[in-house]
Amino acid sequence: MSGKNPASAPQAPPERTALLPKALPGRRWLLPSALAVELDPDRAGRSLRTGRPRRTARDWVVDFGFFLLAVGIGLLAADSLTGDPNTSHGLAVADQWLGALACAAVWLRRRWPLGLAVAMIPVGLLSTTSGGAGLVALFTLAVHRPFKYVGWVAGVSLALIPFYFWLRPDPDLPYLAALTLTTVLTGAVVGWGMFVRSKRQLLLSLRDRARRAETEAELRAEQAQQLAREAIAREMHDVLAHRLTLLSVHAGALEFRPDAPRNEVARAAGVIRESAHEALQDLREIIGVLRASERGDESGRPQPTLGAVEALVSESREAGMKVVLDNRVTDPAAVPASVGRTAYRIAQEGLTNARKHAPGAEVTVSVAGAPGDGVTISVSNPAPQGDVPPVPGSGQGLIGLTERATLAGGSLQHGAGSDGGFEVRAWLPWG
């Protein structure tokens with residue numbers, strides 16, 4: 001375990017990439033290299049020789065500061081050894097050499113934090129001047145490794161402190177005072193290191209939360225776009241099905257009645273031309289809606305209302321259908337736009353289905369409602385006379401209408417009547 005680098009832990013997942021350039025562009029030198037590689041593993045520089053992250057400018061400053069701290073504490077300890085009658089000259093020289101090597105080893109603390117901290121335990125027993133390097137190694141271990149390693153190393157160090165001062169008593173302090181001071185200092189160094197580690201982990205967790213929030217916002221935006229596309233697809237079906245059915249009916253009439261009077265042929269051809277023109281206009285509007293939705297602008301989107309049902313019925317009558325309109329809504333303009341639009345689509349789809357499956361039958365469109373009671377709309381027709389030629393269709397129109405009504409807070413039922421006809425009935429909230 002001692003060979004691990006602080007930055008050799010599993011790299012950050014891809015979602016952390018690009019967080020650092022957005023938050024701290026050009027300021028990676030302010031971060032520790034271990035934290036920089038976690039936040040931005042792709043952009044953090046690595047040494048070509050070792051493959052480990054290069055020290056940032058902050059790392060160099062901190063490492064040099066810790067080296068000076070270890071040297072300063074070592075010099076103070078070396079000065080105390082000169083006046084210690086219990087320490088021989090040879091032991092003092094050996095102590096200082098070990099202290100110098102320990103101070104030099106401080107530069108390896110990022111590479112082997114656990115190994116250095118473990119090695120400093122026996123060195124600290126033999127060398128008083130290595131005390132500063134031992135504290136730096138213990139602090140580094142608390143910053144870069146989990147608490148289980150810190151607890152074992154710090155526990156062994158604290159357990160050996162009484163034995164150390166019994167073996168090498170301090171010439172300036174009593175035994176209990178030296179023991180208490182060293183214990184408090186060791187605990188403070190471990191606590192400081194764990195505090196730094198917790199701050200780094202908090203920063204990473206906050207960045208991960210921000211990234212997840214951004215990802216969730218993007219997913220919600222994509223879902224909203226998908227719902228908008230589905231709504232546009234329903235609009236496309238409802239608008240074009242009505243026009244194309246007119247084309248199919250009149251083209252079929254010309255096909256089966258080639259001997260029809262000239263005025264009827266001209267009239268059917270005129271309806272076909274007008275329906276084709278209107279279908280083309282509808283397609284242009286739909287394309288405009290698609291382009292506007294990409295720009296976030298829906299101002300050009302067609303929005304039929306309940307008042308347009310009368311125009312829809314008139315258009316169907318001009319196409320040769322027998323339609324009876326029973327409109328008992330006194331003020332159609334007061335109906336909410338979403339409710340009116342849904343009611344219009346229900347009437348449009350009902351007339352389209354009646355024209356397809358019951359040609360020649362009289363269709364009844366009933367609309368009633370008031371604020372607080374809701375809007376009720378029904379489209380019914382009796383059984384067709386004779387055989388009806390099959391008309392191609394997707395069969396999704398009524399499914400789409402049911403979904404529309406449900407989304408509007410209402411309900412829709414459809415099915416065959418007792419007389420063999422068919423009825424579509426819906427209720428939509430109003431008020």
# chains A, B, ... in the order shown; residues from 1 in each chain; ligands from 1
>>> residues_around(residues="Ala178 of chain A", least_positions_apart="6", cutoff="9 Å", atoms="only C-alpha atoms", output="PyMOL selection string")
chain A and resi 165+169-170+172
>>> select_by_dssp(residues="segment 139-379 of chain A", states="alpha helix (DSSP H)", output="PyMOL selection string")
chain A and resi 139-144+147-167+175-256+262-294+309-318+337-357
>>> closest_residue(among="A:Ile161, A:Ala221, A:Leu283, A:Ala213", to="Leu179 of chain A", atoms="only C-alpha atoms")
A:Ile161
>>> atom_distance(atom1="atom CA of Val424 of chain A", atom2="atom CA of Ala383 of chain A")
14.0 Å
>>> residues_around(residues="segment 404-414 of chain A", least_positions_apart="3", cutoff="8 Å", atoms="only C-alpha atoms", output="list of chain:residue names")
A:Ser338, A:Val339, A:Thr342, A:Gly400, A:Leu401, A:Phe422, A:Glu423, A:Val424, A:Arg425, A:Ala426, A:Trp427, A:Leu428, A:Pro429
>>> closest_residue(among="A:Val93, A:Leu138, A:Val190, A:Val62", to="Trp112 of chain A", atoms="only C-alpha atoms")
A:Leu138
>>> closest_residue(among="A:Leu160, A:Cys103, A:Val365, A:Leu114", to="Arg328 of chain A", atoms="only C-alpha atoms")
A:Val365
>>> atom_distance(atom1="atom CA of Gly131 of chain A", atom2="atom CA of Val61 of chain A")
21.2 Å
>>> atom_distance(atom1="atom CA of Pro359 of chain A", atom2="atom CA of Ala268 of chain A")
15.3 Å
